[in-house]
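Next up, entry_0.cif (mmCIF, C-alpha atoms):
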data_target
#
loop_
_atom_site.label_atom_id
_atom_site.label_comp_id
_atom_site.auth_asym_id
_atom_site.auth_seq_id
_atom_site.Cartn_x
_atom_site.Cartn_y
_atom_site.Cartn_z
CA MET H 1 -34.61 -5.42 0.09
CA ARG H 2 -34.20 -6.53 3.67
CA LEU H 3 -31.50 -8.92 2.66
CA ILE H 4 -29.60 -6.15 0.89
CA LYS H 5 -29.77 -4.01 4.00
CA PHE H 6 -28.54 -6.89 6.10
CA ILE H 7 -25.63 -7.55 3.77
CA PHE H 8 -24.82 -3.87 3.74
CA ILE H 9 -24.69 -3.74 7.55
CA ILE H 10 -22.50 -6.82 7.75
CA PHE H 11 -20.19 -5.35 5.14
CA PHE H 12 -20.10 -2.07 7.06
CA ILE H 13 -19.14 -3.75 10.32
CA PHE H 14 -16.44 -5.82 8.72
CA ASN H 15 -14.98 -2.71 7.22
CA PHE H 16 -14.31 -1.32 10.69
CA ASN H 17 -12.50 -4.46 11.56
CA PHE H 18 -10.36 -4.12 8.47
CA LEU H 19 -9.54 -0.51 9.34
CA ASN H 20 -8.12 -1.53 12.69
CA ALA H 21 -6.10 -4.38 11.36
CA GLN H 22 -4.65 -2.45 8.47
CA THR H 23 -1.54 -0.96 10.10
CA GLU H 24 -0.74 -4.27 11.74
CA ASN H 25 -1.05 -6.07 8.42
CA LEU H 26 1.08 -3.49 6.66
CA ASN H 27 3.69 -3.75 9.38
CA ASN H 28 3.85 -7.52 8.94
CA LYS H 29 3.90 -7.22 5.17
CA ILE H 30 6.83 -4.82 5.27
CA THR H 31 8.88 -6.80 7.79
CA LYS H 32 8.27 -9.99 5.80
CA ASN H 33 9.79 -8.31 2.78
CA LEU H 34 12.90 -7.22 4.69
CA ARG H 35 15.90 -9.50 4.88
CA CYS H 36 17.44 -9.88 8.32
CA LEU H 37 20.99 -8.92 7.35
CA ILE H 38 22.75 -10.67 10.20
CA CYS H 39 20.74 -13.90 10.15
CA GLN H 40 20.84 -16.60 7.52
CA GLY H 41 17.84 -16.97 5.26
CA GLN H 42 15.36 -15.29 7.57
CA SER H 43 13.17 -12.28 7.14
CA VAL H 44 13.03 -9.57 9.75
CA TYR H 45 9.53 -10.77 10.59
CA ASP H 46 10.73 -14.30 11.37
CA SER H 47 13.88 -13.38 13.21
CA ASP H 48 14.25 -12.56 16.86
CA SER H 49 17.77 -11.11 16.67
CA GLU H 50 18.61 -7.71 18.13
CA PHE H 51 18.88 -6.24 14.66
CA ALA H 52 15.51 -7.58 13.55
CA ASN H 53 13.74 -6.47 16.72
CA SER H 54 15.04 -2.93 16.30
CA LEU H 55 14.01 -2.94 12.67
CA LYS H 56 10.49 -4.06 13.57
CA MET H 57 10.23 -1.17 16.01
CA LEU H 58 11.57 1.25 13.44
CA VAL H 59 9.00 0.14 10.83
CA GLU H 60 6.24 0.68 13.38
CA ILE H 61 7.50 4.14 14.24
CA LYS H 62 7.82 5.11 10.58
CA LEU H 63 4.29 3.86 9.87
CA ASN H 64 2.97 5.94 12.76
CA GLU H 65 4.82 8.93 11.37
CA GLY H 66 2.71 8.43 8.26
CA LEU H 67 5.34 7.10 5.86
CA SER H 68 4.11 4.85 3.08
CA GLU H 69 5.38 1.35 2.42
CA LYS H 70 7.51 2.54 -0.47
CA GLN H 71 9.01 5.38 1.55
CA ILE H 72 10.08 2.93 4.24
CA TYR H 73 11.70 0.65 1.64
CA ASP H 74 13.50 3.62 0.13
CA PHE H 75 14.67 4.74 3.55
CA LEU H 76 16.13 1.33 4.35
CA LYS H 77 17.54 0.89 0.85
CA ASN H 78 19.44 4.12 1.38
CA LYS H 79 20.95 2.77 4.57
CA TYR H 80 21.62 -0.86 3.67
CA GLY H 81 21.39 -1.14 -0.11
CA ASP H 82 19.10 -3.32 -2.28
CA TRP H 83 20.10 -6.47 -0.40
CA ILE H 84 17.73 -5.71 2.48
CA LEU H 85 14.67 -6.11 0.23
CA TYR H 86 13.42 -9.58 -0.69
CA ASN H 87 11.59 -7.99 -3.57
CA PRO H 88 14.15 -5.77 -5.27
CA GLY H 89 12.96 -3.05 -7.62
CA PHE H 90 13.45 -3.09 -11.36
CA SER H 91 16.88 -1.64 -12.08
CA LYS H 92 19.79 -2.25 -14.40
CA ASN H 93 21.15 -4.84 -11.98
CA THR H 94 17.92 -6.79 -11.74
CA TYR H 95 16.31 -6.65 -15.19
CA PHE H 96 17.74 -10.07 -16.06
CA LEU H 97 16.26 -11.47 -12.87
CA TRP H 98 12.84 -10.07 -13.62
CA LEU H 99 12.74 -10.81 -17.32
CA LEU H 100 14.17 -14.33 -17.24
CA PRO H 101 10.97 -16.06 -15.99
CA ILE H 102 8.88 -14.30 -18.63
CA LEU H 103 11.41 -15.23 -21.27
CA MET H 104 11.38 -18.86 -20.11
CA PHE H 105 7.60 -18.89 -20.11
CA LEU H 106 7.42 -17.58 -23.68
CA LEU H 107 10.07 -20.01 -24.82
CA GLY H 108 8.28 -22.93 -23.19
CA GLY H 109 5.02 -21.87 -24.80
CA ALA H 110 6.72 -21.67 -28.18
CA ILE H 111 8.13 -25.18 -27.76
CA ILE H 112 4.74 -26.59 -26.78
CA ILE H 113 2.98 -24.89 -29.67
CA ARG H 114 5.61 -26.14 -32.06
CA LEU H 115 5.53 -29.70 -30.79
CA PHE H 116 1.82 -30.25 -30.46
CA ILE H 117 -0.08 -27.79 -32.60
CA PHE H 118 2.09 -27.53 -35.68
CA LYS H 119 2.86 -31.24 -35.71
CA LYS H 120 -0.83 -32.09 -35.95
CA LYS H 121 -1.25 -30.15 -39.17
CA MET M 1 15.62 -27.18 -42.93
CA LYS M 2 13.02 -26.19 -40.37
CA SER M 3 13.58 -29.25 -38.27
CA LYS M 4 17.29 -28.47 -38.04
CA ILE M 5 16.81 -24.98 -36.59
CA PHE M 6 15.07 -26.30 -33.53
CA PRO M 7 17.85 -28.61 -32.25
CA ILE M 8 20.40 -25.88 -32.92
CA ILE M 9 18.43 -23.37 -30.83
CA LEU M 10 18.02 -25.95 -28.09
CA PHE M 11 21.74 -26.69 -28.15
CA ILE M 12 22.60 -22.99 -27.91
CA ILE M 13 20.24 -22.50 -24.96
CA PHE M 14 21.69 -25.46 -23.11
CA THR M 15 25.22 -24.23 -23.75
CA ILE M 16 24.35 -20.78 -22.39
CA VAL M 17 22.68 -22.25 -19.32
CA PHE M 18 25.65 -24.55 -18.77
CA ILE M 19 28.15 -21.70 -19.03
CA VAL M 20 26.12 -19.50 -16.64
CA PHE M 21 25.90 -22.22 -14.01
CA TYR M 22 29.50 -23.31 -14.50
CA LEU M 23 30.75 -19.77 -13.94
CA GLY M 24 28.31 -19.42 -11.04
CA LEU M 25 29.90 -22.43 -9.35
CA LYS M 26 33.22 -20.68 -9.17
CA ASN M 27 31.81 -17.47 -7.69
CA SER M 28 31.99 -17.02 -3.98
CA ASN M 29 28.57 -17.41 -2.43
CA ILE M 30 29.43 -15.33 0.61
CA TYR M 31 27.69 -12.06 0.11
CA THR M 32 29.28 -8.97 1.59
CA PRO M 33 26.84 -6.06 1.65
CA GLU M 34 27.68 -3.08 -0.47
CA LYS M 35 29.32 -0.08 1.07
CA ASN M 36 26.96 2.35 2.73
CA VAL M 37 25.23 4.23 -0.08
CA GLU M 38 24.41 7.24 1.97
CA GLU M 39 27.45 9.27 2.88
CA ASN M 40 25.79 12.05 4.85
CA ILE M 41 25.30 11.46 8.52
CA PRO M 42 21.70 11.07 9.65
CA SER M 43 20.06 13.62 11.89
CA PHE M 44 18.39 12.33 15.02
CA GLN M 45 17.61 13.08 18.63
CA VAL M 46 19.30 10.99 21.24
CA LYS M 47 19.60 10.63 24.99
CA LYS M 48 22.92 11.28 26.67
CA PHE M 49 24.21 8.27 28.55
CA ALA M 50 25.15 10.01 31.79
CA SER M 51 22.55 12.72 32.27
CA LYS M 52 19.72 11.29 30.15
CA ASP M 53 19.27 14.75 28.55
CA ILE M 54 18.05 14.73 24.99
CA ILE M 55 20.55 16.12 22.50
CA ASN M 56 20.25 16.82 18.79
CA SER M 57 22.76 15.20 16.43
CA ASN M 58 23.78 18.50 14.81
CA GLN M 59 24.95 19.72 18.23
CA ILE M 60 27.35 16.79 18.38
CA PHE M 61 28.90 16.64 14.93
CA ASN M 62 29.83 20.19 14.06
CA GLY M 63 32.89 21.96 12.78
CA ASP M 64 35.94 20.63 11.01
CA ASN M 65 36.83 18.14 13.67
CA TYR M 66 37.07 14.42 12.98
CA TYR M 67 34.63 12.24 14.87
CA LEU M 68 34.55 8.53 15.45
CA LEU M 69 31.15 7.18 16.31
CA ASN M 70 31.67 3.85 18.03
CA ILE M 71 28.71 1.58 18.73
CA TRP M 72 29.44 -0.58 21.76
CA ALA M 73 27.86 -2.54 24.58
CA SER M 74 29.17 -4.08 27.77
CA TRP M 75 27.78 -7.50 26.81
CA CYS M 76 29.70 -7.51 23.53
CA VAL M 77 32.94 -9.48 23.73
CA PRO M 78 34.66 -8.03 20.62
CA CYS M 79 34.06 -4.58 22.11
CA LYS M 80 36.51 -5.51 24.86
CA THR M 81 39.21 -6.44 22.38
CA GLU M 82 38.85 -3.19 20.48
CA HIS M 83 38.82 -1.08 23.64
CA LYS M 84 42.58 -0.71 23.93
CA TYR M 85 42.73 0.64 20.37
CA LEU M 86 40.04 3.17 21.21
CA MET M 87 42.06 4.21 24.28
CA ASN M 88 45.05 4.64 22.01
CA LEU M 89 43.01 6.70 19.55
CA SER M 90 41.60 8.92 22.31
CA LYS M 91 45.10 10.33 22.80
CA GLU M 92 44.97 11.90 19.33
CA LYS M 93 44.07 15.58 19.53
CA ASN M 94 42.09 16.12 16.34
CA ILE M 95 39.54 13.37 16.80
CA LYS M 96 36.62 13.09 19.16
CA ILE M 97 35.28 9.66 19.99
CA ILE M 98 31.54 9.46 20.46
CA GLY M 99 30.23 6.27 22.00
CA LEU M 100 26.80 4.92 21.24
CA ASN M 101 25.80 2.48 23.95
CA TYR M 102 23.73 -0.19 22.23
CA LYS M 103 20.91 -2.01 24.09
CA ASP M 104 22.79 -2.06 27.37
CA SER M 105 21.99 -1.63 31.02
CA SER M 106 23.51 1.55 32.30
CA LYS M 107 24.87 -0.22 35.39
CA ASN M 108 26.81 -2.80 33.36
CA ALA M 109 28.05 -0.12 30.98
CA LYS M 110 29.43 1.91 33.88
CA ILE M 111 31.21 -1.15 35.30
CA PHE M 112 32.68 -1.81 31.84
CA LEU M 113 34.05 1.73 31.60
CA ASN M 114 35.39 1.73 35.16
CA GLU M 115 37.26 -1.49 34.46
CA LEU M 116 38.70 -0.60 31.08
CA ASN M 117 38.76 3.24 31.23
CA ASN M 118 36.69 5.63 29.21
CA PRO M 119 37.97 6.62 25.76
CA TYR M 120 34.81 8.52 24.85
CA ASP M 121 34.37 12.29 24.78
CA LEU M 122 30.63 11.82 24.83
CA ILE M 123 28.46 8.76 25.29
CA LEU M 124 24.97 8.48 23.84
CA SER M 125 22.42 5.88 24.71
CA ASP M 126 20.57 3.74 22.16
CA GLN M 127 18.25 1.58 24.23
CA ASP M 128 16.14 0.12 21.42
CA GLY M 129 18.72 0.07 18.64
CA ILE M 130 16.83 2.46 16.39
CA ILE M 131 19.58 5.06 16.15
CA SER M 132 22.01 2.38 15.02
CA ILE M 133 19.65 1.56 12.18
CA GLU M 134 19.51 5.23 11.23
CA TRP M 135 23.27 4.93 10.79
CA GLY M 136 22.93 1.78 8.73
CA ALA M 137 24.68 -0.35 11.35
CA TYR M 138 24.35 -4.12 11.63
CA GLY M 139 25.22 -4.59 15.28
CA VAL M 140 28.07 -4.15 17.74
CA PRO M 141 30.86 -3.21 17.47
CA GLU M 142 30.77 -0.85 14.56
CA SER M 143 32.51 2.47 13.96
CA PHE M 144 32.02 5.41 11.64
CA LEU M 145 34.69 7.99 10.91
CA ILE M 146 33.04 11.34 10.29
CA HIS M 147 34.44 14.52 8.81
CA LYS M 148 32.40 17.59 7.87
CA ASN M 149 29.09 15.75 8.30
CA ASN M 150 30.16 12.95 5.96
CA ILE M 151 30.93 9.36 6.77
CA ILE M 152 34.39 8.84 5.34
CA LYS M 153 34.96 5.35 6.67
CA LYS M 154 32.79 2.61 8.05
CA ILE M 155 34.28 -0.19 10.10
CA ILE M 156 32.09 -3.24 10.67
CA GLY M 157 33.42 -5.31 13.55
CA PRO M 158 36.12 -4.50 16.08
CA ILE M 159 38.93 -2.05 15.44
CA ASN M 160 42.32 -3.74 15.28
CA GLN M 161 45.92 -2.56 14.91
CA LYS M 162 45.66 -2.36 11.12
CA LYS M 163 42.43 -0.36 11.18
CA LEU M 164 43.79 1.91 13.90
CA ILE M 165 46.75 2.81 11.69
CA GLU M 166 44.36 3.39 8.81
CA ILE M 167 42.24 5.78 10.89
CA LYS M 168 45.31 7.62 12.13
CA GLY M 169 46.44 8.02 8.54
CA LEU M 170 43.07 9.43 7.51
CA ILE M 171 42.86 12.04 10.25
CA LYS M 172 46.34 13.46 9.75
#
Could you quickly redo this structure as structure tokens?
Amino acid sequence: MRLIKFIFIIFFIFNFNFLNAQTENLNNKITKNLRCLICQGQSVYDSDSEFANSLKMLVEIKLNEGLSEKQIYDFLKNKYGDWILYNPGFSKNTYFLWLLPILMFLLGGAIIIRLFIFKKK
Amino acid sequence: MKSKIFPIILFIIFTIVFIVFYLGLKNSNIYTPEKNVEENIPSFQVKKFASKDIINSNQIFNGDNYYLLNIWASWCVPCKTEHKYLMNLSKEKNIKIIGLNYKDSSKNAKIFLNELNNPYDLILSDQDGIISIEWGAYGVPESFLIHKNNIIKKIIGPINQKKLIEIKGLIK
């Protein structure tokens, strides 16, 4: 019983820690998923360009205003198009991109099953 | 029969993959971002450059007038090359040029304008670059032609002779 209490207290304390770090983590998560449009192959999080620095500040402001992650993505998508997101949503332009790995996986599985399992019989 | 289907399928897949990659080779790999999706101008609050008063965007862009929002900075070299075209455009009567001073020190900006003259009807200050992002801008210089609260043309990079003629044609 004592042990349970102890674990509960530890868990409780660590939860506070998590609460504080949450906005920071979300901020990093969002900026890591944003492409720095004027740099080459860098996310906004990694870049130190003028554009990226402004965007980092903007994300922070929007988070403080209470916007959700998705709302911020939508806001930026409206301004800059899909290209700014590293993780583009599922749309008619991207369904091939999203479905191709699954398709490959199924195909590979089918080949393996055919080669090894059916051959044995 | 069964054993023949498999090589055929494999052959078809390889052909498709080959065609996709072969066509992909010929495509240009320089990506130009799509045109601004949002056509309405954003609403925002901004500091005036000279007096540091805060002004609302709907007080600036009103009526049937044409507006050119030009994002500039004294440290930006292409801004100097486009300046003479802005001076030329400022002589037109039915367009107002609004400058948005991007991440600049006000001292340097004033020196810049004293040296090269001031084409702007109003200058706004964007110290941290956030207002430029609200406009969907990438950096300096960049210009937006605005009519009836809509962005009708977006110019990324400096204005040149060709673009000046284009703007003059649009505002006639």
Select all residues from chain H having any atom no more than 8 Å from an atom of chain M (counting all atoms listed in the file, ignoring ligands), output as an mmCIF file with C-alpha atoms, in the coordinates of the input.
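Saved to out14.cif:
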data_model
loop_
_atom_site.group_PDB
_atom_site.id
_atom_site.type_symbol
_atom_site.label_atom_id
_atom_site.label_comp_id
_atom_site.auth_asym_id
_atom_site.auth_seq_id
_atom_site.Cartn_x
_atom_site.Cartn_y
_atom_site.Cartn_z
ATOM 1 C CA LEU H 37 20.990 -8.920 7.350
ATOM 2 C CA ILE H 38 22.750 -10.670 10.200
ATOM 3 C CA GLU H 50 18.610 -7.710 18.130
ATOM 4 C CA PHE H 51 18.880 -6.240 14.660
ATOM 5 C CA SER H 54 15.040 -2.930 16.300
ATOM 6 C CA LEU H 55 14.010 -2.940 12.670
ATOM 7 C CA MET H 57 10.230 -1.170 16.010
ATOM 8 C CA LEU H 58 11.570 1.250 13.440
ATOM 9 C CA ASN H 78 19.440 4.120 1.380
ATOM 10 C CA LYS H 79 20.950 2.770 4.570
ATOM 11 C CA TYR H 80 21.620 -0.860 3.670
ATOM 12 C CA GLY H 81 21.390 -1.140 -0.110
ATOM 13 C CA TRP H 83 20.100 -6.470 -0.400
#
Which value, in Å to one decimal, gives the distance between atom CA of H:Lys70 and atom CA of H:Phe12?
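Atom CA of H:Phe12 lies 29.0 Å from atom CA of H:Lys70.
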Between atom CA of M:Asn149 and atom CA of M:Phe61, measure the distance and give it in Å to one decimal.
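Interatomic distance, atom CA of M:Asn149 to atom CA of M:Phe61: 6.7 Å.
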Quick one: residues within 12 Å of M:Lys168, all atoms listed in the file, excluding same-chain residues fewer than 5 positions away - as a list in words?
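Contacts, with the query itself left out: Tyr66, Tyr67, Leu68, Tyr85, Leu86, Asn88, Leu89, Ser90, Lys91, Glu92, Lys93, Asn94, Ile95, Leu145, Lys153, Gln161, Lys162 and Lys163 of chain M.
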Please, what distance in Å, to one decimal, runs between atom CA of H:Arg114 and atom CA of M:Ser3?
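Pair atom CA of H:Arg114 / atom CA of M:Ser3 returns 10.6 Å.
Distance check against H:Leu107 using only C-alpha atoms: of M:Val46, M:Ile13, M:Ala73, M:Leu23, the minimum falls on M:Ile13.
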So what does the PyMOL selection byres ((chain M and resi 52) around 12) actually pick up in this one, as a list in words?
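Here the PyMOL selection byres ((chain M and resi 52) around 12) matches Gln45, Val46, Lys47, Lys48, Phe49, Ala50, Ser51, Asp53, Ile54, Ile55, Ser106, Ile123, Leu124, Ser125, Asp126 and Gln127 of chain M.
Selection check: the PyMOL selection byres ((chain H and resi 32) around 8) on the shown file gives H:Asn28, H:Lys29, H:Ile30, H:Thr31, H:Asn33, H:Leu34, H:Arg35, H:Ser43, H:Val44, H:Tyr45, H:Asp46.
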Taking all atoms of stretch 140-156 of chain M that the file lists and extending 5 Å past them on each side, where is the centre of the axis-aligned box and how long are its edges? Answer in Å to one decimal, as AutoDock Vina command-line options.
--center_x 31.5 --center_y 6.7 --center_z 11.5 --size_x 16.9 --size_y 31.7 --size_z 22.4
